[in-house]
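> File name upload-v6.pdb; file contents PDB, C-alpha atoms; full text below.
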```
ATOM      1  CA  MET A   1    -117.405-123.893-259.836
ATOM      2  CA  ILE A   2    -116.249-124.026-256.213
ATOM      3  CA  LYS A   3    -112.624-124.315-257.336
ATOM      4  CA  MET A   4    -112.994-121.118-259.370
ATOM      5  CA  ALA A   5    -114.524-119.290-256.385
ATOM      6  CA  GLY A   6    -111.585-120.500-254.275
ATOM      7  CA  ILE A   7    -109.086-119.127-256.772
ATOM      8  CA  VAL A   8    -110.890-115.774-256.875
ATOM      9  CA  LEU A   9    -110.912-115.573-253.063
ATOM     10  CA  ILE A  10    -107.184-116.347-252.912
ATOM     11  CA  ILE A  11    -106.451-113.610-255.466
ATOM     12  CA  LEU A  12    -108.657-111.080-253.640
ATOM     13  CA  GLY A  13    -107.050-111.962-250.311
ATOM     14  CA  THR A  14    -103.565-111.522-251.746
ATOM     15  CA  LEU A  15    -104.496-108.149-253.241
ATOM     16  CA  ALA A  16    -106.024-107.051-249.915
ATOM     17  CA  LEU A  17    -102.784-107.939-248.113
ATOM     18  CA  VAL A  18    -100.585-106.217-250.688
ATOM     19  CA  TYR A  19    -102.536-102.978-251.102
ATOM     20  CA  GLN A  20    -104.203-102.810-247.637
ATOM     21  CA  GLY A  21    -106.900-100.477-248.960
ATOM     22  CA  PHE A  22    -107.522 -98.072-251.784
ATOM     23  CA  THR A  23    -107.551 -94.322-252.260
ATOM     24  CA  TYR A  24    -110.033 -92.282-254.269
ATOM     25  CA  THR A  25    -110.483 -88.598-255.020
ATOM     26  CA  GLN A  26    -113.778 -86.765-254.675
ATOM     27  CA  THR A  27    -114.429 -83.250-255.986
ATOM     28  CA  LYS A  28    -116.458 -81.101-253.605
ATOM     29  CA  GLN A  29    -118.053 -77.784-254.419
ATOM     30  CA  ASP A  30    -117.402 -75.111-251.808
ATOM     31  CA  ALA A  31    -119.301 -72.152-253.248
ATOM     32  CA  GLN A  32    -121.002 -70.933-256.379
ATOM     33  CA  ILE A  33    -121.614 -67.287-257.195
ATOM     34  CA  GLY A  34    -123.178 -66.914-260.611
ATOM     35  CA  SER A  35    -120.935 -68.742-263.060
ATOM     36  CA  LEU A  36    -117.963 -68.691-260.638
ATOM     37  CA  THR A  37    -117.521 -72.031-258.896
ATOM     38  CA  ILE A  38    -115.057 -72.728-256.099
ATOM     39  CA  GLN A  39    -114.288 -76.392-255.552
ATOM     40  CA  HIS A  40    -111.580 -78.613-254.172
ATOM     41  CA  ASP A  41    -110.445 -82.217-254.511
ATOM     42  CA  GLU A  42    -110.608 -84.336-251.390
ATOM     43  CA  THR A  43    -108.617 -87.566-251.229
ATOM     44  CA  LYS A  44    -110.058 -90.351-249.101
ATOM     45  CA  THR A  45    -108.611 -93.720-248.157
ATOM     46  CA  LEU A  46    -110.627 -96.851-247.457
ATOM     47  CA  PRO A  47    -108.320 -99.196-245.516
ATOM     48  CA  PHE A  48    -108.580-102.998-245.453
ATOM     49  CA  PRO A  49    -107.407-104.635-242.229
ATOM     50  CA  PRO A  50    -104.865-107.421-242.881
ATOM     51  CA  ILE A  51    -107.195-109.908-241.195
ATOM     52  CA  VAL A  52    -109.641-109.491-244.104
ATOM     53  CA  GLY A  53    -106.985-110.600-246.572
ATOM     54  CA  GLY A  54    -106.088-113.550-244.360
ATOM     55  CA  ILE A  55    -109.708-114.638-244.058
ATOM     56  CA  PHE A  56    -110.159-114.426-247.846
ATOM     57  CA  ILE A  57    -107.050-116.547-248.430
ATOM     58  CA  VAL A  58    -108.079-119.207-245.889
ATOM     59  CA  ALA A  59    -111.618-119.319-247.293
ATOM     60  CA  GLY A  60    -110.203-119.601-250.810
ATOM     61  CA  VAL A  61    -107.935-122.491-249.882
ATOM     62  CA  VAL A  62    -110.826-124.295-248.170
ATOM     63  CA  ALA A  63    -113.095-123.742-251.189
ATOM     64  CA  PHE A  64    -110.364-124.931-253.560
ATOM     65  CA  VAL A  65    -109.741-128.103-251.540
ATOM     66  CA  VAL A  66    -113.464-128.850-251.208
ATOM     67  CA  GLY A  67    -113.895-128.236-254.942
ATOM     68  CA  ASN A  68    -111.226-130.842-255.727
ATOM     69  CA  ARG A  69    -113.070-133.612-253.872
ATOM     70  CA  ARG A  70    -115.293-135.895-255.867
ATOM     71  CA  ILE A  71    -118.614-136.764-254.276
ATOM     72  CA  VAL A  72    -119.529-140.414-254.887
TER      73      VAL A  72
END
```
Please express what this file holds, its structure, as structure tokens.

Amino acid sequence: MIKMAGIVLIILGTLALVYQGFTYTQTKQDAQIGSLTIQHDETKTLPFPPIVGGIFIVAGVVAFVVGNRRIV
């Protein structure tokens, strides 16, 4: 179970380093007069600092190594 969590953390950390955030579009309504609606699309970006990806990778490696140990 810990090995699987380590693999997931390594994958998430790699994706965070590659993409460094994600962008999404939000539709906002500016005005409405009767059935006439004025709206616009607003694009927002949520950045991930590279340190987050590095921390995820290190934590994943540690979890993977700890998961490989057999407790006697």
> Rank A:Ala31, A:Val18, A:Ile10, A:Leu36 by their smallest atom-to-atom distance to Ile55 of chain A, using only C-alpha atoms, and report the top residue only.
A:Ile10
> Which centre and edge lengths in Å to one decimal define the box along x, y and z that fits every listed atom of segment 13-29 of chain A plus 4 Å per side, as AutoDock Vina command-line options?

```
--center_x -109.3 --center_y -94.9 --center_z -251.8 --size_x 25.5 --size_y 42.2 --size_z 16.3
```
> Residue by residue, what does the PyMOL selection byres ((chain A and resi 47) around 7) grab here? Present the result as a ChimeraX atom specification.
/A:20-22,45-46,48-49
> Measure the distance from atom CA of Pro50 of chain A to atom CA of Leu12 of chain A in Å and round it to one decimal.
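Value for the atom CA of Pro50 of chain A-atom CA of Leu12 of chain A distance: 12.0 Å.
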> Could you check the closest approach to Gly13 of chain A for each of A:Ile33, A:Arg69, A:Gly53, A:Val58 and tell me which residue wins, using all atoms listed in the file?
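That would be A:Gly53, the residue with the smallest distance to Gly13 of chain A.
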> Considering only C-alpha atoms, can you say which of A:Val52, A:Ile38, A:Val66, A:Val61 comes closest to Gly6 of chain A?
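Counting only C-alpha atoms, the residue closest to Gly6 of chain A is A:Val61.
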